[in-house]
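Structure first, then comments.
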Amino acid sequence: MSTGNAVPTELGTKPVRSLLRQYAVPGIIAMTASSLYNMVDSIYIGHIPGAGSLSMSGLAVTFPLMNISTAFGTLVGVGAATMISVLLGQKNYKAAEKVLCNDVTLNIITGLIFTVVSLVWMDPILRFFGASDATLPYARAYMTWIAIGNAVTHLYFGLNAIVRSSGNPRLAMGLTLFTVGSNAVLDPIFIFVLGLGIKGAAIATVLCQLMSLIYTLWYFMDQKKFLHLPRSLRIFRVDWRIAKDSLAIGMGPFLMNLASCIVVLFINQQLVKWGGDLALGAYGIVNRITFLFVMVVMGFNQGMQPIAGYNYGARQFSRVREVYVRTAMWGTIVTSAGWLVSVFLSRPAVAVFTSDPVLQEIAAKGIRQMNIVFPIVGFQMVTTNLFQCLGMVKKSVFLSLSRQLIFLLPCIYILPDILQSEAGVWYSFPVSDTIASVITGIIGWGLIVKLGKLKDGDDPSILGGQI
């Protein structure tokens with residue numbers, strides 16, 4: 001295992017199966033913990049005396065705005081992490097250091113811009129995302145403090161991804177686990193003991209991320225590490241050539257998160273129209289449960305990312321193919337497990353978040369309808385991530401958009417009118433997932449065939465440009 005003080009050459013030499021386990025397991029634990037991190041807030045908020053159901057609906061209203069924040073964070077962070085993996089494969093350590101510094105500067109800039117914009121127009125934005133007079137106070141109380149700490153959130157998640165990509169997945173996992181654990185401890189203190197309610201959950205979240213960020217910055221300040229933050233402030237000036245390349249790679253996940261924001265906006269509006277505030281709260285619960293399995297797949301993707309990126313940079317194409325096939329298999333297994341929970345354990349799963357029997361019934365029915373073809377989602381996510389890992393921006397962007405925006409959005413409006421109920425909103429997900437997975441399979445197969453024509457060490461341009 002790389003310690004962080006040596007170049008992670010094992011990425012190009014160690015058996016792929018062992019590498020994927022070594023890098024994916026910390027990523028899975030970290031991403032699962034990150035999902036639980038969000039779920040902890042929801043569980044405590046859902047049991048606030050006298051306001052649990054409305055608090056859940058208010059929290060659901062904040063999802064689109066939080067997705068926008070995540071979108072800008074991934075635009076900067078994912079691109080930087082991918083570039084660093086490829087540069088390390090090419091043994092270009094000076095360039096990797098410049099990318100790291102650019103990542104810090106851009107995350108601070110985007111984080112502060114988001115904070116100012118969201119604080120100035122908080123109420124209109126939340127009403128646009130579906131807040132009613134009853135849910136707006138809860139949504140505002142939570143989102144105000146999340147917005148204040150946005151620069152901290154961006155920088156923490158961005159640097160955490162680079163810690164993992166630079167050959168230290170265990171540290172990245174440990175920091176995430178610390179953040180989750182401390183949040184689980186601070187949440188009930190701020191919410192119930194100090195009587196801050198939903199606002200307390202947001203404050204606890206930001207404080208936990210700040211503590212992890214401080215340690216991460218200290219880690220990168222160690223000048224003995226091959227990848228570190230230099231002491232000179234000049235290098236923190238934005239290099240727009242690096243920024244352009246980094247943002248281009250991050251454009252896929254950025255658009256995916258932005259599309260998610262747009263889709264959630266319309267989902268909120270349609271659910272309120274056909275089912276009222278409780279239907280919106282039910283979606284908040286269903287989204288949290290489903291997201292747990294999505295985050296596990298993303299953990300596998302995180303394990304694949306440095307392996308695929310490094311070996312693509314080192315022109316070891318057989319290893320790129322192998323890590324993709326293994327990751328796609330595990331991604332499908334994970335989403336199949338999510339399907340089993342959604343179909344057979346729906347009621348116990350939603351009961352964790354609320355004791356309201358009406359809200360439980362709506363959420364349990366919704367998750368069964370929403371995740372009916374969930375097993376195929378894992379393959380679609382992994383294949384999309386492969387294009388991102390290899391810097392193939394156009395394909396990554398298209399596949400990222402197809403599932404959430406191109407196919408899901410029309411279904412959200414067409415199916416409820418056909419079925420004349422909120423069930424049309426829930427069934428929009430399996431319809432769009434099926435179409436998107438078919439298209440992803442066709443495009444992904446083309447990439448695997450082209451990689452199969454290359455021998456290790458070949459120049460990819462012999463196939464007529466970037467594959």
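Identifiers in this document derive from the order of the structure tokens: chains are assigned A, B, ..., residues are numbered from 1 separately in each chain, and ligands are numbered from 1 in order of occurrence.
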Neighbours of segment 267-278 of chain A within 8 Å (only C-alpha atoms; same-chain residues fewer than 4 positions away dropped), as a ChimeraX atom specification?
/A:53-54,57,61,129-130,263,282,359,362,412-413,421-422,425
Can I get the residues of segment 251-310 of chain A within 12 Å of segment 351-356 of chain A, each with the closest pair of atoms and their distance in Å to one decimal, using only C-alpha atoms, sorted chain first then ascending number, as a tab-separated table?
residue	atom	partner	partner_atom	distance
A:Leu278	CA	A:Asp356	CA	10.1
A:Gly281	CA	A:Thr354	CA	9.9
A:Ala282	CA	A:Thr354	CA	9.6
A:Tyr283	CA	A:Phe353	CA	11.7
A:Gly284	CA	A:Phe353	CA	9.7
A:Ile285	CA	A:Phe353	CA	6.8
A:Val286	CA	A:Phe353	CA	9.8
A:Asn287	CA	A:Phe353	CA	11.6
A:Arg288	CA	A:Phe353	CA	9.5
A:Ile289	CA	A:Phe353	CA	9.7
Counting only C-alpha atoms, which residues in segment 257-329 of chain A sit no more than 12 Å from segment 382-399 of chain A? For each one, give the nearest pair of atoms and the distance in Å, sorted by chain then residue number, as a Markdown table.
| residue | atom | partner | partner_atom | distance |
| --- | --- | --- | --- | --- |
| A:Asn257 | CA | A:Val397 | CA | 11.0 |
| A:Leu258 | CA | A:Val397 | CA | 11.4 |
| A:Ala259 | CA | A:Val397 | CA | 10.7 |
| A:Val294 | CA | A:Val382 | CA | 10.7 |
| A:Met295 | CA | A:Val382 | CA | 11.8 |
| A:Val296 | CA | A:Val382 | CA | 11.4 |
| A:Val297 | CA | A:Val382 | CA | 7.6 |
| A:Met298 | CA | A:Val382 | CA | 8.0 |
| A:Gly299 | CA | A:Val382 | CA | 10.3 |
| A:Phe300 | CA | A:Val382 | CA | 8.2 |
| A:Asn301 | CA | A:Val382 | CA | 6.2 |
| A:Gln302 | CA | A:Asn385 | CA | 9.0 |
| A:Gly303 | CA | A:Cys389 | CA | 10.9 |
| A:Met304 | CA | A:Leu386 | CA | 8.1 |
| A:Gln305 | CA | A:Cys389 | CA | 5.5 |
| A:Pro306 | CA | A:Cys389 | CA | 7.9 |
| A:Ile307 | CA | A:Cys389 | CA | 9.1 |
| A:Ala308 | CA | A:Cys389 | CA | 6.4 |
| A:Gly309 | CA | A:Cys389 | CA | 5.5 |
| A:Tyr310 | CA | A:Leu390 | CA | 9.3 |
| A:Asn311 | CA | A:Leu390 | CA | 9.6 |
| A:Tyr312 | CA | A:Leu390 | CA | 6.8 |
| A:Gly313 | CA | A:Leu390 | CA | 8.5 |
| A:Ala314 | CA | A:Leu390 | CA | 11.7 |
| A:Arg315 | CA | A:Leu390 | CA | 11.2 |
| A:Phe317 | CA | A:Leu390 | CA | 10.9 |
| A:Val320 | CA | A:Leu386 | CA | 9.0 |
| A:Arg321 | CA | A:Leu386 | CA | 9.7 |
| A:Glu322 | CA | A:Leu386 | CA | 11.7 |
| A:Val323 | CA | A:Leu386 | CA | 9.6 |
| A:Tyr324 | CA | A:Leu386 | CA | 7.0 |
| A:Val325 | CA | A:Val382 | CA | 9.2 |
| A:Arg326 | CA | A:Val382 | CA | 10.0 |
| A:Thr327 | CA | A:Val382 | CA | 6.8 |
| A:Ala328 | CA | A:Val382 | CA | 5.6 |
| A:Met329 | CA | A:Val382 | CA | 9.2 |
Take the selection from the previous step and output its residues with N, CA and C atoms, as a compact mmCIF listing (two decimals), in the first residue's frame.
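Contents of the output file again_38.txt:
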# COMPACT_ATOMS: atom_id res chain seq x y z
N ASN A 257 -24.80 16.44 -11.94
CA ASN A 257 -25.36 17.01 -10.72
C ASN A 257 -26.30 18.17 -11.01
N LEU A 258 -25.96 18.97 -12.02
CA LEU A 258 -26.84 20.07 -12.40
C LEU A 258 -28.15 19.54 -12.95
N ALA A 259 -28.03 18.48 -13.76
CA ALA A 259 -29.23 17.85 -14.28
C ALA A 259 -30.07 17.29 -13.14
N VAL A 294 -26.43 3.98 -4.30
CA VAL A 294 -25.74 4.74 -5.33
C VAL A 294 -24.34 5.12 -4.85
N MET A 295 -24.22 5.50 -3.59
CA MET A 295 -22.93 5.91 -3.05
C MET A 295 -21.97 4.73 -2.95
N VAL A 296 -22.48 3.53 -2.71
CA VAL A 296 -21.60 2.36 -2.71
C VAL A 296 -21.02 2.14 -4.11
N VAL A 297 -21.87 2.27 -5.13
CA VAL A 297 -21.37 2.16 -6.51
C VAL A 297 -20.35 3.26 -6.79
N MET A 298 -20.61 4.45 -6.30
CA MET A 298 -19.65 5.53 -6.48
C MET A 298 -18.33 5.21 -5.76
N GLY A 299 -18.41 4.47 -4.65
CA GLY A 299 -17.20 4.03 -3.97
C GLY A 299 -16.37 3.11 -4.86
N PHE A 300 -17.05 2.18 -5.55
CA PHE A 300 -16.35 1.34 -6.52
C PHE A 300 -15.76 2.20 -7.65
N ASN A 301 -16.53 3.20 -8.09
CA ASN A 301 -16.02 4.10 -9.13
C ASN A 301 -14.78 4.83 -8.67
N GLN A 302 -14.77 5.25 -7.42
CA GLN A 302 -13.61 5.92 -6.87
C GLN A 302 -12.41 4.99 -6.83
N GLY A 303 -12.65 3.71 -6.55
CA GLY A 303 -11.56 2.75 -6.58
C GLY A 303 -11.05 2.53 -7.99
N MET A 304 -11.96 2.53 -8.97
CA MET A 304 -11.57 2.35 -10.37
C MET A 304 -10.81 3.56 -10.91
N GLN A 305 -11.18 4.76 -10.46
CA GLN A 305 -10.66 6.00 -11.06
C GLN A 305 -9.13 6.10 -11.08
N PRO A 306 -8.42 5.96 -9.95
CA PRO A 306 -6.97 6.08 -10.03
C PRO A 306 -6.32 4.93 -10.80
N ILE A 307 -6.92 3.73 -10.75
CA ILE A 307 -6.35 2.58 -11.46
C ILE A 307 -6.49 2.77 -12.97
N ALA A 308 -7.70 3.12 -13.41
CA ALA A 308 -7.94 3.32 -14.84
C ALA A 308 -7.15 4.53 -15.35
N GLY A 309 -7.17 5.63 -14.60
CA GLY A 309 -6.47 6.84 -15.03
C GLY A 309 -4.97 6.63 -15.13
N TYR A 310 -4.38 6.00 -14.11
CA TYR A 310 -2.93 5.76 -14.10
C TYR A 310 -2.53 4.86 -15.27
N ASN A 311 -3.25 3.75 -15.46
CA ASN A 311 -2.86 2.79 -16.49
C ASN A 311 -3.15 3.29 -17.89
N TYR A 312 -4.17 4.15 -18.03
CA TYR A 312 -4.39 4.77 -19.34
C TYR A 312 -3.24 5.71 -19.66
N GLY A 313 -2.80 6.49 -18.64
CA GLY A 313 -1.65 7.37 -18.85
C GLY A 313 -0.38 6.58 -19.14
N ALA A 314 -0.25 5.39 -18.54
CA ALA A 314 0.92 4.54 -18.75
C ALA A 314 0.76 3.61 -19.96
N ARG A 315 -0.36 3.72 -20.69
CA ARG A 315 -0.65 2.93 -21.89
C ARG A 315 -0.70 1.42 -21.61
N PHE A 317 -3.40 -0.80 -21.52
CA PHE A 317 -4.82 -0.82 -21.84
C PHE A 317 -5.52 -2.10 -21.36
N VAL A 320 -6.77 -1.42 -17.98
CA VAL A 320 -7.94 -0.53 -18.01
C VAL A 320 -9.20 -1.35 -18.26
N ARG A 321 -9.13 -2.26 -19.23
CA ARG A 321 -10.30 -3.10 -19.53
C ARG A 321 -10.67 -3.96 -18.33
N GLU A 322 -9.66 -4.54 -17.71
CA GLU A 322 -9.93 -5.46 -16.60
C GLU A 322 -10.59 -4.75 -15.42
N VAL A 323 -10.08 -3.58 -15.06
CA VAL A 323 -10.64 -2.89 -13.90
C VAL A 323 -12.07 -2.43 -14.20
N TYR A 324 -12.35 -2.09 -15.45
CA TYR A 324 -13.73 -1.70 -15.81
C TYR A 324 -14.69 -2.88 -15.66
N VAL A 325 -14.33 -4.04 -16.20
CA VAL A 325 -15.21 -5.21 -16.16
C VAL A 325 -15.51 -5.60 -14.71
N ARG A 326 -14.48 -5.61 -13.88
CA ARG A 326 -14.67 -5.98 -12.48
C ARG A 326 -15.55 -4.97 -11.75
N THR A 327 -15.34 -3.70 -12.02
CA THR A 327 -16.12 -2.66 -11.34
C THR A 327 -17.57 -2.70 -11.79
N ALA A 328 -17.82 -2.91 -13.08
CA ALA A 328 -19.19 -2.99 -13.59
C ALA A 328 -19.94 -4.16 -12.95
N MET A 329 -19.24 -5.29 -12.77
CA MET A 329 -19.87 -6.45 -12.15
C MET A 329 -20.29 -6.13 -10.71
Write out as a short mmCIF file (atom, residue, chain, number, x, y, z; two decimals) with N, CA and C atoms, in the first residue's frame which residues come within 10 Å of Leu126 of chain A when counting only C-alpha atoms, dropping same-chain ones fewer than 5 positions away.
data_model
loop_
_atom_site.label_atom_id
_atom_site.label_comp_id
_atom_site.auth_asym_id
_atom_site.auth_seq_id
_atom_site.Cartn_x
_atom_site.Cartn_y
_atom_site.Cartn_z
N GLY A 58 -39.32 20.07 4.39
CA GLY A 58 -38.45 21.23 4.24
C GLY A 58 -37.05 20.84 3.84
N VAL A 61 -36.88 20.05 0.17
CA VAL A 61 -36.86 21.25 -0.67
C VAL A 61 -35.42 21.73 -0.91
N THR A 62 -34.52 21.48 0.06
CA THR A 62 -33.14 21.97 -0.08
C THR A 62 -32.30 21.11 -1.02
N PHE A 63 -32.78 19.91 -1.39
CA PHE A 63 -31.97 19.00 -2.20
C PHE A 63 -31.50 19.62 -3.51
N PRO A 64 -32.38 20.30 -4.28
CA PRO A 64 -31.90 20.88 -5.54
C PRO A 64 -30.78 21.90 -5.33
N LEU A 65 -30.92 22.75 -4.33
CA LEU A 65 -29.89 23.76 -4.07
C LEU A 65 -28.59 23.10 -3.63
N SER A 118 -26.61 32.35 -2.82
CA SER A 118 -27.70 31.64 -2.14
C SER A 118 -28.20 32.40 -0.92
N TRP A 121 -30.47 35.45 -2.17
CA TRP A 121 -31.76 35.09 -2.78
C TRP A 121 -32.33 33.79 -2.20
N ALA A 131 -40.84 25.02 -2.01
CA ALA A 131 -41.19 25.31 -0.62
C ALA A 131 -42.56 25.98 -0.55
N SER A 132 -43.36 25.54 0.42
CA SER A 132 -44.65 26.17 0.68
C SER A 132 -44.52 27.05 1.92
N THR A 135 -43.41 24.76 4.78
CA THR A 135 -42.08 24.13 4.77
C THR A 135 -40.93 25.12 4.63
N LEU A 136 -41.21 26.36 4.19
CA LEU A 136 -40.14 27.34 3.96
C LEU A 136 -39.30 27.63 5.20
N PRO A 137 -39.89 27.83 6.39
CA PRO A 137 -39.05 28.13 7.56
C PRO A 137 -38.03 27.03 7.87
N ALA A 139 -36.79 24.77 5.63
CA ALA A 139 -35.81 24.75 4.55
C ALA A 139 -34.81 25.89 4.70
N ARG A 140 -35.29 27.08 5.03
CA ARG A 140 -34.41 28.24 5.19
C ARG A 140 -33.45 28.05 6.36
N MET A 143 -30.74 25.45 5.21
CA MET A 143 -29.91 25.80 4.07
C MET A 143 -29.04 27.02 4.33
N LEU A 265 -36.02 19.55 -9.02
CA LEU A 265 -36.92 20.71 -9.02
C LEU A 265 -38.28 20.32 -9.58
#
Excluding Met211 of chain A and its own-chain neighbours fewer than 6 positions away, which residues fall within 10 Å of it when counting only C-alpha atoms? Please give them as a list of chain:residue names.
A:Val152, A:Tyr156, A:Leu175, A:Phe178, A:Thr179, A:Ser182
I need the chosen residues saved as an mmCIF file, in the first residue's frame, with N, CA and C atoms.
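Generated file (again.cif):
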data_model
loop_
_atom_site.group_PDB
_atom_site.id
_atom_site.type_symbol
_atom_site.label_atom_id
_atom_site.label_comp_id
_atom_site.auth_asym_id
_atom_site.auth_seq_id
_atom_site.Cartn_x
_atom_site.Cartn_y
_atom_site.Cartn_z
ATOM 1 N N VAL A 152 -16.015 25.662 2.773
ATOM 2 C CA VAL A 152 -15.409 24.580 3.555
ATOM 3 C C VAL A 152 -15.783 23.229 2.954
ATOM 4 N N TYR A 156 -13.098 20.664 1.333
ATOM 5 C CA TYR A 156 -12.932 19.377 2.022
ATOM 6 C C TYR A 156 -13.126 18.209 1.054
ATOM 7 N N LEU A 175 -10.800 10.084 7.067
ATOM 8 C CA LEU A 175 -11.317 11.440 7.248
ATOM 9 C C LEU A 175 -12.831 11.465 7.104
ATOM 10 N N PHE A 178 -14.378 9.916 10.178
ATOM 11 C CA PHE A 178 -14.330 10.857 11.295
ATOM 12 C C PHE A 178 -15.442 11.898 11.174
ATOM 13 N N THR A 179 -15.648 12.392 9.947
ATOM 14 C CA THR A 179 -16.681 13.401 9.730
ATOM 15 C C THR A 179 -18.063 12.839 10.049
ATOM 16 N N SER A 182 -18.345 12.137 13.996
ATOM 17 C CA SER A 182 -18.495 13.361 14.777
ATOM 18 C C SER A 182 -19.851 14.009 14.522
#
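Checking A:Phe226, A:Leu159, A:Gly181, A:Arg319 one by one against Pro15 of chain A, counting only C-alpha atoms, you find the shortest gap at A:Arg319.
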Write out as a count of residues only the set of residues from segment 179-385 of chain A that DSSP, computed on the backbone, places in alpha helix (DSSP H).
165
For Ala96 of chain A, please output as an MDAnalysis selection string all residues within 8 Å (counting only C-alpha atoms; exclusion window: fewer than 4 positions along the same chain).
chainID A and resid 83:84 87:88 92 100 227
